[in-house]
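Printed here is data.pdb (PDB, C-alpha atoms):
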ATOM      1  CA  MET M 194      86.748 170.667 122.083
ATOM      2  CA  LYS M 195      85.173 173.892 120.801
ATOM      3  CA  GLU M 196      85.735 173.320 117.100
ATOM      4  CA  SER M 197      83.442 171.001 115.187
ATOM      5  CA  ILE M 198      84.562 167.406 114.850
ATOM      6  CA  HIS M 199      83.691 167.719 111.173
ATOM      7  CA  LYS M 200      86.772 169.919 110.810
ATOM      8  CA  TYR M 201      88.952 166.966 111.830
ATOM      9  CA  ALA M 202      87.186 163.939 110.341
ATOM     10  CA  LYS M 203      84.476 162.848 107.954
ATOM     11  CA  ILE M 204      81.838 161.409 110.260
ATOM     12  CA  GLY M 205      80.306 158.365 108.655
ATOM     13  CA  LEU M 206      77.827 155.578 109.219
ATOM     14  CA  ILE M 207      78.073 151.947 108.184
ATOM     15  CA  HIS M 208      74.760 151.587 106.396
ATOM     16  CA  PHE M 209      74.566 147.803 106.375
ATOM     17  CA  MET M 210      75.139 147.538 110.129
ATOM     18  CA  ALA M 211      72.693 150.278 111.110
ATOM     19  CA  TYR M 212      70.151 148.654 108.784
ATOM     20  CA  PRO M 213      71.123 144.965 108.979
ATOM     21  CA  SER M 214      68.319 143.775 106.711
ATOM     22  CA  THR M 215      70.466 145.070 103.830
ATOM     23  CA  ILE M 216      73.668 143.213 104.710
ATOM     24  CA  LYS M 217      73.175 140.490 102.088
ATOM     25  CA  GLY M 218      72.856 143.001  99.260
ATOM     26  CA  GLU M 219      69.072 142.999  99.241
ATOM     27  CA  GLY M 220      66.212 144.535 101.224
ATOM     28  CA  PRO M 221      65.277 148.214 101.744
ATOM     29  CA  ILE M 222      68.589 149.549 100.456
ATOM     30  CA  GLU M 223      67.397 152.684  98.701
ATOM     31  CA  GLU M 224      65.047 153.858 101.449
ATOM     32  CA  THR M 225      67.635 153.471 104.188
ATOM     33  CA  ILE M 226      70.541 154.980 102.260
ATOM     34  CA  ARG M 227      68.316 157.975 101.568
ATOM     35  CA  LYS M 228      67.876 158.470 105.331
ATOM     36  CA  ILE M 229      71.630 158.874 105.654
ATOM     37  CA  ALA M 230      71.970 161.002 102.528
ATOM     38  CA  VAL M 231      69.517 163.626 103.851
ATOM     39  CA  ASP M 232      71.134 163.770 107.313
ATOM     40  CA  ASP M 233      73.802 166.476 107.273
ATOM     41  CA  TYR M 234      75.425 165.095 110.445
ATOM     42  CA  PHE M 235      77.090 162.600 108.145
ATOM     43  CA  ASP M 236      79.949 163.338 105.774
ATOM     44  CA  ALA M 237      80.485 159.722 104.724
ATOM     45  CA  ILE M 238      78.631 156.477 104.221
ATOM     46  CA  GLU M 239      79.887 152.904 104.083
ATOM     47  CA  ILE M 240      77.870 150.636 101.824
ATOM     48  CA  THR M 241      78.270 147.003 100.834
ATOM     49  CA  TRP M 242      77.230 144.881  97.872
ATOM     50  CA  ILE M 243      73.998 145.704  96.106
ATOM     51  CA  LYS M 244      73.059 142.668  94.065
ATOM     52  CA  ASP M 245      70.537 144.289  91.727
ATOM     53  CA  ALA M 246      72.174 146.366  88.972
ATOM     54  CA  GLU M 247      69.250 148.770  88.618
ATOM     55  CA  THR M 248      69.206 149.408  92.363
ATOM     56  CA  ARG M 249      72.919 150.162  92.211
ATOM     57  CA  LYS M 250      72.294 152.732  89.472
ATOM     58  CA  ARG M 251      69.628 154.497  91.510
ATOM     59  CA  VAL M 252      71.737 154.455  94.673
ATOM     60  CA  LYS M 253      74.747 155.753  92.746
ATOM     61  CA  LYS M 254      72.666 158.673  91.458
ATOM     62  CA  MET M 255      71.517 159.428  94.992
ATOM     63  CA  LEU M 256      75.039 159.320  96.389
ATOM     64  CA  ASP M 257      76.451 161.419  93.553
ATOM     65  CA  SER M 258      74.131 164.263  94.533
ATOM     66  CA  SER M 259      74.612 163.915  98.309
ATOM     67  CA  TYR M 260      78.177 165.222  98.835
ATOM     68  CA  LEU M 261      78.836 162.120 100.920
ATOM     69  CA  THR M 262      82.197 160.387 100.723
ATOM     70  CA  VAL M 263      81.502 156.739  99.888
ATOM     71  CA  ALA M 264      83.415 153.742 101.202
ATOM     72  CA  TYR M 265      82.700 150.104 100.422
ATOM     73  CA  GLY M 266      82.610 147.361 103.038
ATOM     74  CA  ALA M 267      83.427 144.002 101.482
ATOM     75  CA  GLN M 268      83.366 142.232 104.849
ATOM     76  CA  PRO M 269      79.772 140.970 104.313
ATOM     77  CA  ARG M 270      80.813 139.352 101.039
ATOM     78  CA  LEU M 271      83.079 137.082 103.079
ATOM     79  CA  LEU M 272      81.201 136.796 106.380
ATOM     80  CA  THR M 273      77.809 135.908 104.883
ATOM     81  CA  THR M 274      79.343 133.341 102.528
ATOM     82  CA  GLY M 275      81.835 131.786 104.948
ATOM     83  CA  GLN M 276      84.724 132.481 102.585
ATOM     84  CA  ASN M 277      88.285 132.860 103.851
ATOM     85  CA  ILE M 278      91.054 134.647 101.955
ATOM     86  CA  ASN M 279      93.718 132.856 103.972
ATOM     87  CA  ASP M 280      92.216 129.420 103.416
ATOM     88  CA  LEU M 281      94.952 126.810 103.060
ATOM     89  CA  ASP M 282      92.873 125.122 100.373
ATOM     90  CA  GLU M 283      94.067 126.991  97.279
ATOM     91  CA  THR M 284      90.778 126.605  95.422
ATOM     92  CA  LYS M 285      88.799 128.047  98.327
ATOM     93  CA  ARG M 286      91.325 130.865  98.741
ATOM     94  CA  TRP M 287      90.985 131.695  95.052
ATOM     95  CA  ILE M 288      87.169 131.807  95.320
ATOM     96  CA  ALA M 289      87.386 134.260  98.234
ATOM     97  CA  VAL M 290      89.855 136.475  96.373
ATOM     98  CA  ALA M 291      87.631 136.435  93.284
ATOM     99  CA  ASN M 292      84.737 137.564  95.473
ATOM    100  CA  LEU M 293      86.787 140.507  96.760
ATOM    101  CA  LYS M 294      87.803 141.423  93.217
ATOM    102  CA  SER M 295      84.114 141.605  92.329
ATOM    103  CA  GLY M 296      83.704 143.847  95.347
ATOM    104  CA  ILE M 297      86.480 146.084  94.032
ATOM    105  CA  ASP M 298      84.673 146.347  90.705
ATOM    106  CA  GLU M 299      81.474 147.341  92.493
ATOM    107  CA  ALA M 300      83.309 149.816  94.722
ATOM    108  CA  TYR M 301      84.652 151.594  91.646
ATOM    109  CA  GLU M 302      81.194 151.505  90.080
ATOM    110  CA  MET M 303      79.706 153.201  93.156
ATOM    111  CA  GLY M 304      82.404 155.880  93.365
ATOM    112  CA  ALA M 305      83.943 154.593  96.588
ATOM    113  CA  VAL M 306      87.283 155.894  97.847
ATOM    114  CA  GLY M 307      88.170 152.747  99.762
ATOM    115  CA  LEU M 308      87.282 149.105 100.336
ATOM    116  CA  GLY M 309      87.406 147.262 103.645
ATOM    117  CA  PHE M 310      87.879 143.520 104.136
ATOM    118  CA  LEU M 311      88.999 141.062 106.795
ATOM    119  CA  SER M 312      91.151 137.997 107.121
ATOM    120  CA  GLY M 313      89.884 134.496 107.722
ATOM    121  CA  LYS M 314      90.148 132.280 110.764
ATOM    122  CA  TYR M 315      92.888 132.389 113.385
ATOM    123  CA  LYS M 316      94.190 128.947 114.288
ATOM    124  CA  GLU M 317      97.289 128.896 116.433
ATOM    125  CA  ASP M 318      98.641 125.651 114.966
ATOM    126  CA  GLN M 319      98.306 126.992 111.390
ATOM    127  CA  LYS M 320      99.049 130.648 112.061
ATOM    128  CA  GLU M 321     102.153 131.019 109.903
ATOM    129  CA  GLU M 322     100.757 129.099 106.931
ATOM    130  CA  ALA M 323      97.535 131.144 107.125
ATOM    131  CA  TYR M 324      99.554 134.345 107.393
ATOM    132  CA  GLN M 325     101.449 133.555 104.202
ATOM    133  CA  ALA M 326      98.172 132.790 102.406
ATOM    134  CA  LEU M 327      96.762 136.110 103.644
ATOM    135  CA  VAL M 328      99.789 138.017 102.351
ATOM    136  CA  LYS M 329      99.439 136.313  98.964
ATOM    137  CA  SER M 330      95.734 137.165  98.751
ATOM    138  CA  THR M 331      96.225 140.758  99.903
ATOM    139  CA  LYS M 332      98.881 141.405  97.307
ATOM    140  CA  GLU M 333      96.578 140.020  94.633
ATOM    141  CA  ILE M 334      93.684 142.306  95.562
ATOM    142  CA  CYS M 335      95.932 145.348  96.012
ATOM    143  CA  THR M 336      97.397 144.743  92.547
ATOM    144  CA  TYR M 337      93.910 144.362  91.086
ATOM    145  CA  ALA M 338      92.634 147.552  92.722
ATOM    146  CA  LYS M 339      95.684 149.608  91.758
ATOM    147  CA  ALA M 340      95.369 148.624  88.110
ATOM    148  CA  LYS M 341      91.895 150.171  88.007
ATOM    149  CA  GLY M 342      92.425 153.452  89.864
ATOM    150  CA  ASN M 343      93.031 154.995  93.265
ATOM    151  CA  LEU M 344      90.836 152.837  95.506
ATOM    152  CA  LYS M 345      92.374 152.308  98.955
ATOM    153  CA  ILE M 346      92.365 148.770 100.359
ATOM    154  CA  ALA M 347      91.870 148.639 104.135
ATOM    155  CA  HIS M 348      92.179 145.495 106.208
ATOM    156  CA  GLU M 349      89.963 145.701 109.286
ATOM    157  CA  VAL M 350      91.467 144.409 112.525
ATOM    158  CA  PHE M 351      89.092 141.946 114.212
ATOM    159  CA  ASP M 352      89.167 139.799 117.352
ATOM    160  CA  TYR M 353      91.030 136.493 117.239
ATOM    161  CA  ASP M 354      89.460 134.427 120.027
ATOM    162  CA  ILE M 355      85.953 135.679 120.890
ATOM    163  CA  ASP M 356      83.654 135.987 117.880
ATOM    164  CA  LYS M 357      85.043 136.479 114.357
ATOM    165  CA  CYS M 358      88.325 134.807 115.416
ATOM    166  CA  ALA M 359      90.201 136.468 112.546
ATOM    167  CA  LEU M 360      93.888 136.052 111.865
ATOM    168  CA  ILE M 361      94.408 139.841 112.005
ATOM    169  CA  GLY M 362      94.052 139.943 114.873
ATOM    170  CA  PRO M 363      96.553 140.662 117.639
ATOM    171  CA  VAL M 364      98.416 143.956 117.342
ATOM    172  CA  ASP M 365     101.869 142.407 116.871
ATOM    173  CA  LEU M 366     100.672 140.325 113.926
ATOM    174  CA  ALA M 367      98.691 143.266 112.545
ATOM    175  CA  LYS M 368     101.857 145.394 112.587
ATOM    176  CA  ARG M 369     103.937 142.697 110.873
ATOM    177  CA  TYR M 370     101.275 142.253 108.204
ATOM    178  CA  ALA M 371     100.716 145.963 107.554
ATOM    179  CA  LYS M 372     104.451 146.668 107.340
ATOM    180  CA  GLU M 373     104.973 143.848 104.846
ATOM    181  CA  ILE M 374     102.092 144.810 102.553
ATOM    182  CA  TYR M 375     102.631 148.566 102.716
ATOM    183  CA  ALA M 376     106.282 148.156 101.741
ATOM    184  CA  GLU M 377     105.034 147.061  98.323
ATOM    185  CA  PHE M 378     101.584 148.682  98.032
ATOM    186  CA  ASP M 379     100.908 152.309  98.912
ATOM    187  CA  ASN M 380      97.185 151.737  98.355
ATOM    188  CA  PHE M 381      96.993 149.541 101.469
ATOM    189  CA  GLY M 382      96.384 150.286 105.127
ATOM    190  CA  LEU M 383      94.631 149.151 108.291
ATOM    191  CA  MET M 384      91.117 149.844 109.551
ATOM    192  CA  VAL M 385      90.725 150.066 113.335
ATOM    193  CA  ASP M 386      87.531 149.884 115.390
ATOM    194  CA  LEU M 387      86.754 150.927 118.964
ATOM    195  CA  SER M 388      84.155 148.138 119.049
ATOM    196  CA  HIS M 389      86.871 145.520 118.654
ATOM    197  CA  LEU M 390      89.330 146.746 121.276
ATOM    198  CA  PRO M 391      87.748 145.031 124.313
ATOM    199  CA  ILE M 392      87.395 141.712 122.474
ATOM    200  CA  LEU M 393      91.008 142.061 121.295
ATOM    201  CA  HIS M 394      92.003 142.430 124.970
ATOM    202  CA  GLU M 395      93.784 145.678 124.037
ATOM    203  CA  SER M 396      93.408 149.299 125.080
ATOM    204  CA  ALA M 397      93.216 152.074 122.502
ATOM    205  CA  ARG M 398      96.879 152.881 123.071
ATOM    206  CA  GLN M 399      97.998 149.265 122.930
ATOM    207  CA  SER M 400      96.076 148.621 119.725
ATOM    208  CA  LEU M 401      96.570 151.837 117.746
ATOM    209  CA  ILE M 402      99.972 153.290 118.548
ATOM    210  CA  PRO M 403     102.075 150.348 117.256
ATOM    211  CA  VAL M 404     100.282 150.519 113.878
ATOM    212  CA  LYS M 405      99.724 154.282 113.718
ATOM    213  CA  ASP M 406     101.671 154.649 110.478
ATOM    214  CA  TYR M 407      99.327 152.252 108.676
ATOM    215  CA  ILE M 408      95.854 153.353 109.869
ATOM    216  CA  ILE M 409      93.756 154.743 107.011
ATOM    217  CA  HIS M 410      90.208 154.157 108.282
ATOM    218  CA  ALA M 411      88.498 154.105 111.686
ATOM    219  CA  HIS M 412      85.226 152.902 113.187
ATOM    220  CA  MET M 413      83.595 153.543 116.551
ATOM    221  CA  GLY M 414      81.027 151.525 118.422
ATOM    222  CA  ASN M 415      80.386 149.106 121.258
ATOM    223  CA  CYS M 416      80.630 145.389 122.064
ATOM    224  CA  MET M 417      79.436 143.076 124.797
ATOM    225  CA  MET M 418      81.465 140.340 126.551
ATOM    226  CA  LYS M 419      79.768 139.696 129.898
ATOM    227  CA  ASP M 420      76.926 137.348 128.922
ATOM    228  CA  LYS M 421      77.293 134.722 126.207
ATOM    229  CA  ASN M 422      73.533 134.258 126.156
ATOM    230  CA  ASP M 423      72.845 137.893 125.343
ATOM    231  CA  PRO M 424      71.988 138.537 121.657
ATOM    232  CA  ALA M 425      74.570 141.346 121.631
ATOM    233  CA  TYR M 426      77.418 139.118 122.853
ATOM    234  CA  GLY M 427      80.702 139.345 120.970
ATOM    235  CA  ASP M 428      81.146 141.459 117.859
ATOM    236  CA  ALA M 429      77.497 142.469 117.431
ATOM    237  CA  HIS M 430      78.020 146.262 117.663
ATOM    238  CA  PRO M 431      75.178 147.141 120.041
ATOM    239  CA  ARG M 432      74.385 150.772 120.800
ATOM    240  CA  PHE M 433      76.567 152.715 123.204
ATOM    241  CA  ALA M 434      75.675 152.061 126.869
ATOM    242  CA  TYR M 435      73.993 148.756 126.002
ATOM    243  CA  PRO M 436      73.468 146.845 129.303
ATOM    244  CA  GLY M 437      76.668 144.962 130.049
ATOM    245  CA  GLY M 438      78.451 146.590 127.123
ATOM    246  CA  GLU M 439      82.053 147.751 127.139
ATOM    247  CA  ASN M 440      82.012 151.193 125.488
ATOM    248  CA  ASP M 441      80.310 154.459 126.339
ATOM    249  CA  VAL M 442      81.313 158.140 126.436
ATOM    250  CA  GLU M 443      84.527 157.613 128.436
ATOM    251  CA  GLU M 444      85.837 154.849 126.164
ATOM    252  CA  LEU M 445      85.023 156.849 123.045
ATOM    253  CA  LEU M 446      86.762 159.874 124.562
ATOM    254  CA  GLU M 447      89.948 157.861 125.118
ATOM    255  CA  TYR M 448      89.769 156.525 121.557
ATOM    256  CA  LEU M 449      89.449 160.066 120.198
ATOM    257  CA  LYS M 450      92.428 161.171 122.298
ATOM    258  CA  VAL M 451      94.606 158.451 120.794
ATOM    259  CA  LEU M 452      93.369 159.185 117.268
ATOM    260  CA  PHE M 453      94.380 162.817 117.846
ATOM    261  CA  GLU M 454      97.730 161.812 119.277
ATOM    262  CA  ILE M 455      98.653 159.708 116.250
ATOM    263  CA  GLY M 456      97.456 162.357 113.799
ATOM    264  CA  TYR M 457      94.458 160.492 112.434
ATOM    265  CA  LEU M 458      92.124 163.352 113.341
ATOM    266  CA  ASN M 459      93.609 166.050 111.176
ATOM    267  CA  PRO M 460      92.064 169.199 109.653
ATOM    268  CA  ASN M 461      94.526 169.007 106.782
ATOM    269  CA  ASN M 462      93.579 165.427 105.912
ATOM    270  CA  ARG M 463      90.025 164.622 106.980
ATOM    271  CA  ARG M 464      89.675 160.862 107.061
ATOM    272  CA  ILE M 465      86.609 158.730 107.669
ATOM    273  CA  LEU M 466      85.485 158.045 111.242
ATOM    274  CA  SER M 467      82.324 155.946 111.050
ATOM    275  CA  PHE M 468      79.813 154.650 113.540
ATOM    276  CA  GLU M 469      79.419 150.899 113.487
ATOM    277  CA  VAL M 470      76.227 150.370 115.455
ATOM    278  CA  LYS M 471      73.511 147.779 115.045
ATOM    279  CA  PRO M 472      70.054 147.453 116.588
ATOM    280  CA  VAL M 473      69.555 144.514 118.927
ATOM    281  CA  GLY M 474      66.278 142.650 118.665
ATOM    282  CA  ASP M 475      63.429 145.015 117.862
ATOM    283  CA  GLU M 476      65.345 148.235 118.542
ATOM    284  CA  ASP M 477      64.640 151.054 116.114
ATOM    285  CA  PRO M 478      67.702 151.614 113.867
ATOM    286  CA  ASP M 479      67.082 155.351 113.697
ATOM    287  CA  ILE M 480      67.070 155.666 117.490
ATOM    288  CA  VAL M 481      70.301 153.621 117.687
ATOM    289  CA  ILE M 482      71.882 156.038 115.191
ATOM    290  CA  ALA M 483      70.693 159.033 117.243
ATOM    291  CA  ASN M 484      72.229 157.397 120.332
ATOM    292  CA  ALA M 485      75.590 157.220 118.545
ATOM    293  CA  LYS M 486      75.487 160.876 117.537
ATOM    294  CA  ARG M 487      74.706 161.973 121.102
ATOM    295  CA  VAL M 488      77.545 159.900 122.551
ATOM    296  CA  LEU M 489      80.014 161.307 120.033
ATOM    297  CA  ASN M 490      78.823 164.843 120.745
ATOM    298  CA  LEU M 491      79.388 164.294 124.471
ATOM    299  CA  ALA M 492      82.809 162.721 124.042
ATOM    300  CA  TRP M 493      83.926 165.437 121.642
ATOM    301  CA  ALA M 494      82.768 168.184 124.036
ATOM    302  CA  MET M 495      84.917 166.601 126.762
ATOM    303  CA  LEU M 496      88.014 166.303 124.592
ATOM    304  CA  GLU M 497      90.875 168.545 125.666
ATOM    305  CA  ILE M 498      93.814 168.899 123.311
TER     306      ILE M 498
END
Can you give me the file's structure in the form of structure tokens?
Amino acid sequence: MKESIHKYAKIGLIHFMAYPSTIKGEGPIEETIRKIAVDDYFDAIEITWIKDAETRKRVKKMLDSSYLTVAYGAQPRLLTTGQNINDLDETKRWIAVANLKSGIDEAYEMGAVGLGFLSGKYKEDQKEEAYQALVKSTKEICTYAKAKGNLKIAHEVFDYDIDKCALIGPVDLAKRYAKEIYAEFDNFGLMVDLSHLPILHESARQSLIPVKDYIIHAHMGNCMMKDKNDPAYGDAHPRFAYPGGENDVEELLEYLKVLFEIGYLNPNNRRILSFEVKPVGDEDPDIVIANAKRVLNLAWAMLEI
């Protein structure tokens, strides 16, 4: 492809994955966000909770002057606390929903355009009951977000039997869920991720085309399934070409082809396409980020439309 990818998408980085010491809302948040803000390769940044109010103010000022599109990842609010928005215990479900509502408040405070979240555990014998609880919770958070402004609510599709074991989940259930919620809430959509396709046992075409009408956010990265003893096993988002990993230039190229085919990559509606990469062990986060840029540059150069 001769034209810049930035014409077709807002290339982003998930801050709290690239710099995992910040994932609990603490740590070197300002210093690491600044690294992204001064890098003009990026058009977007995905942040998560920032527990200290004064730090949030300083980060907000930085982002306001950066020309970066901001998205908010609420997944850590659930994953680091063990909360489940499709919990069959109504009190626990309510606590998880309340946590996401706080995330919505913070997303608006930080000027985010969208908020990502995930469903709770997939259990085959409770699948339908959990699904109904998920629908109830999703409608509650979509209603809450819509009452405050134009924030988009994006449910990220995760694996259901390898690592996160999330209800959404398999593509057929993801399509049913997205269709049901979107029929009532136009501020809702799905978030897809190249990293999750191998652990979903689905190809890019199998996973994306059935839900193409509902995709509003996309991630790209790698995963590792071959060695359960490896620290990158499962949904750990190692760098591209990690030993034993599933995704490299060819897999990213196929993902880009499908995103083009379904109209996600669109010069008339540039949507976020973010790297989700995480250092393994003592790897340098900045080198892992540079790896991701190089792989995307290669895949994009090979793309023929």
(request) For Arg270 (chain M), work out the shell of residues within 8 Å, counting all atoms listed in the file and skipping chain neighbours fewer than 6 positions away, then give it as a ChimeraX atom specification. (result) /M:217,242,292-293,296
(request) Tell me, in Å to one decimal, how far CA of Gln268 (chain M) is from CA of Leu311 (chain M). (result)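 Interatomic distance, CA of Gln268 (chain M) to CA of Leu311 (chain M): 6.1 Å.
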(message) Suppose a student applies the PyMOL selection byres ((chain M and resi 388-399) around 7) to this structure; what residues should they get, written as a list in words?
(response)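 Taken on the displayed file, the PyMOL selection byres ((chain M and resi 388-399) around 7) yields the residues Phe351, Asp352, Tyr353, Ile355, Pro363, Asp386, Leu387, Ser400, Leu401, Ile402, Met413, Gly414, Asn415, Cys416, His430, Glu439, Tyr448 and Val451 of chain M.
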(message) So, with all atoms listed in the file as the atoms that count, which of M:Ala338, M:Ile207, M:Ile361, M:Val385 lies closest to Pro478 (chain M)?
(response) M:Ile207
Contacts of Met495 (chain M) at 8 Å (all atoms listed in the file; same-chain gap of 4+ positions) as a PDB file with C-alpha atoms, keeping the file's coordinate frame:
ATOM      1  CA  MET M 194      86.748 170.667 122.083  1.00  0.00           C
ATOM      2  CA  LEU M 446      86.762 159.874 124.562  1.00  0.00           C
ATOM      3  CA  LEU M 491      79.388 164.294 124.471  1.00  0.00           C
TER       4      LEU M 491
END
(message) Show me, as a PyMOL selection string, the residues that have an atom within 10 Å of region 245-249 of chain M when counting all atoms listed in the file, minus same-chain residues fewer than 4 positions from it.
(response) chain M and resi 218-219+222-223+253-255+299+302-303
(request) Please evaluate the PyMOL selection byres ((chain M and resi 483) around 12) against the displayed coordinates and give the resulting residues as number ranges by chain. (result) M: 206, 211, 229, 232, 234-235, 432-433, 468, 470-472, 477-482, 484-490
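One finds CA of Ala264 (chain M) at 16.9 Å from CA of Arg251 (chain M).
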(request) Using all atoms listed in the file, pick whichever of M:Pro460, M:Gly309, M:Gly362, M:Pro403 has the shortest atom-to-atom distance to Tyr324 (chain M). (result)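 Smallest separation from Tyr324 (chain M) among the options: M:Gly362.
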(request) Name every residue that the PyMOL selection byres ((chain M and resi 367-380) around 8) selects in this structure, writing the answer as number ranges by chain with chains first and numbers rising. (result) M: 328, 331-332, 335-336, 339, 343-346, 350, 361-366, 381-383, 403-404, 407
Those same residues - C-alpha atoms - I'd like them written as a PDB file, in the frame of the given file.
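So the final result, stored in again.pdb, reads:
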ATOM      1  CA  VAL M 328      99.789 138.017 102.351  1.00  0.00           C
ATOM      2  CA  THR M 331      96.225 140.758  99.903  1.00  0.00           C
ATOM      3  CA  LYS M 332      98.881 141.405  97.307  1.00  0.00           C
ATOM      4  CA  CYS M 335      95.932 145.348  96.012  1.00  0.00           C
ATOM      5  CA  THR M 336      97.397 144.743  92.547  1.00  0.00           C
ATOM      6  CA  LYS M 339      95.684 149.608  91.758  1.00  0.00           C
ATOM      7  CA  ASN M 343      93.031 154.995  93.265  1.00  0.00           C
ATOM      8  CA  LEU M 344      90.836 152.837  95.506  1.00  0.00           C
ATOM      9  CA  LYS M 345      92.374 152.308  98.955  1.00  0.00           C
ATOM     10  CA  ILE M 346      92.365 148.770 100.359  1.00  0.00           C
ATOM     11  CA  VAL M 350      91.467 144.409 112.525  1.00  0.00           C
ATOM     12  CA  ILE M 361      94.408 139.841 112.005  1.00  0.00           C
ATOM     13  CA  GLY M 362      94.052 139.943 114.873  1.00  0.00           C
ATOM     14  CA  PRO M 363      96.553 140.662 117.639  1.00  0.00           C
ATOM     15  CA  VAL M 364      98.416 143.956 117.342  1.00  0.00           C
ATOM     16  CA  ASP M 365     101.869 142.407 116.871  1.00  0.00           C
ATOM     17  CA  LEU M 366     100.672 140.325 113.926  1.00  0.00           C
ATOM     18  CA  PHE M 381      96.993 149.541 101.469  1.00  0.00           C
ATOM     19  CA  GLY M 382      96.384 150.286 105.127  1.00  0.00           C
ATOM     20  CA  LEU M 383      94.631 149.151 108.291  1.00  0.00           C
ATOM     21  CA  PRO M 403     102.075 150.348 117.256  1.00  0.00           C
ATOM     22  CA  VAL M 404     100.282 150.519 113.878  1.00  0.00           C
ATOM     23  CA  TYR M 407      99.327 152.252 108.676  1.00  0.00           C
TER      24      TYR M 407
END
(request) Give the answer as one residue: which of M:Ala237, M:Ile216, M:Val442, M:Ile288 has the shortest atom-to-atom distance to Ile465 (chain M), using all atoms listed in the file? (result) M:Ala237
(message) Just want the 12 Å neighbourhood of Lys285 (chain M), counted on only C-alpha atoms, with same-chain residues fewer than 6 positions away dropped. Output as a ChimeraX atom specification.
(response) /M:271,274-279,291-292,313,326,330
I need the chosen residues saved as an mmCIF file, in the frame of the given file, with C-alpha atoms.
data_model
loop_
_atom_site.group_PDB
_atom_site.id
_atom_site.type_symbol
_atom_site.label_atom_id
_atom_site.label_comp_id
_atom_site.auth_asym_id
_atom_site.auth_seq_id
_atom_site.Cartn_x
_atom_site.Cartn_y
_atom_site.Cartn_z
ATOM 1 C CA LEU M 271 83.079 137.082 103.079
ATOM 2 C CA THR M 274 79.343 133.341 102.528
ATOM 3 C CA GLY M 275 81.835 131.786 104.948
ATOM 4 C CA GLN M 276 84.724 132.481 102.585
ATOM 5 C CA ASN M 277 88.285 132.860 103.851
ATOM 6 C CA ILE M 278 91.054 134.647 101.955
ATOM 7 C CA ASN M 279 93.718 132.856 103.972
ATOM 8 C CA ALA M 291 87.631 136.435 93.284
ATOM 9 C CA ASN M 292 84.737 137.564 95.473
ATOM 10 C CA GLY M 313 89.884 134.496 107.722
ATOM 11 C CA ALA M 326 98.172 132.790 102.406
ATOM 12 C CA SER M 330 95.734 137.165 98.751
#
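Of note, CA of Glu321 (chain M) and CA of Ile455 (chain M) are spaced 29.6 Å apart.
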(request) For each of M:Asn459, M:Ser467, M:Thr215, M:Asn440, take the minimum atom-to-atom distance to His412 (chain M), counting all atoms listed in the file, then give the residue where this is smallest. (result)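 Among the listed residues, the smallest separation from His412 (chain M) belongs to M:Ser467.
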(message) Please determine, counting only C-alpha atoms, which residue among M:Phe310, M:Trp287, M:Tyr315, M:Lys294 has the shortest atom-to-atom distance to Lys329 (chain M).
(response) M:Trp287
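The environment of Ile226 (chain M) within 10 Å, counting all atoms listed in the file and disregarding residues fewer than 4 places along the same chain, consists of His208, Phe209, Tyr212, Pro221, Ile222, Ala230, Val231, Ile238, Glu239, Ile240, Val252, Met255 and Leu256 of chain M.
Take the candidates M:Leu327, M:Ile204, M:Met210, M:Leu458 and check each one against Pro431 (chain M) using all atoms listed in the file; the shortest distance goes to M:Met210.
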Please supply region 462-472 of chain M, rebuilt with N, CA and C atoms, as a short mmCIF file (atom, residue, chain, number, x, y, z; two decimals), in the frame of the given file.
data_model
loop_
_atom_site.label_atom_id
_atom_site.label_comp_id
_atom_site.auth_asym_id
_atom_site.auth_seq_id
_atom_site.Cartn_x
_atom_site.Cartn_y
_atom_site.Cartn_z
N ASN M 462 93.80 166.70 106.60
CA ASN M 462 93.58 165.43 105.91
C ASN M 462 92.42 164.72 106.60
N ARG M 463 91.22 165.15 106.31
CA ARG M 463 90.02 164.62 106.98
C ARG M 463 89.74 163.20 106.49
N ARG M 464 89.92 162.26 107.41
CA ARG M 464 89.68 160.86 107.06
C ARG M 464 88.37 160.38 107.69
N ILE M 465 87.91 159.24 107.24
CA ILE M 465 86.61 158.73 107.67
C ILE M 465 86.68 158.18 109.10
N LEU M 466 85.69 158.57 109.90
CA LEU M 466 85.48 158.04 111.24
C LEU M 466 84.01 157.68 111.33
N SER M 467 83.72 156.39 111.20
CA SER M 467 82.32 155.95 111.05
C SER M 467 81.79 155.23 112.28
N PHE M 468 80.52 155.45 112.54
CA PHE M 468 79.81 154.65 113.54
C PHE M 468 79.55 153.27 112.98
N GLU M 469 79.85 152.26 113.80
CA GLU M 469 79.42 150.90 113.49
C GLU M 469 78.50 150.46 114.62
N VAL M 470 77.22 150.70 114.43
CA VAL M 470 76.23 150.37 115.46
C VAL M 470 75.09 149.59 114.80
N LYS M 471 74.53 148.69 115.58
CA LYS M 471 73.51 147.78 115.04
C LYS M 471 72.39 147.61 116.06
N PRO M 472 71.15 147.69 115.64
CA PRO M 472 70.05 147.45 116.59
C PRO M 472 70.05 146.02 117.08
#
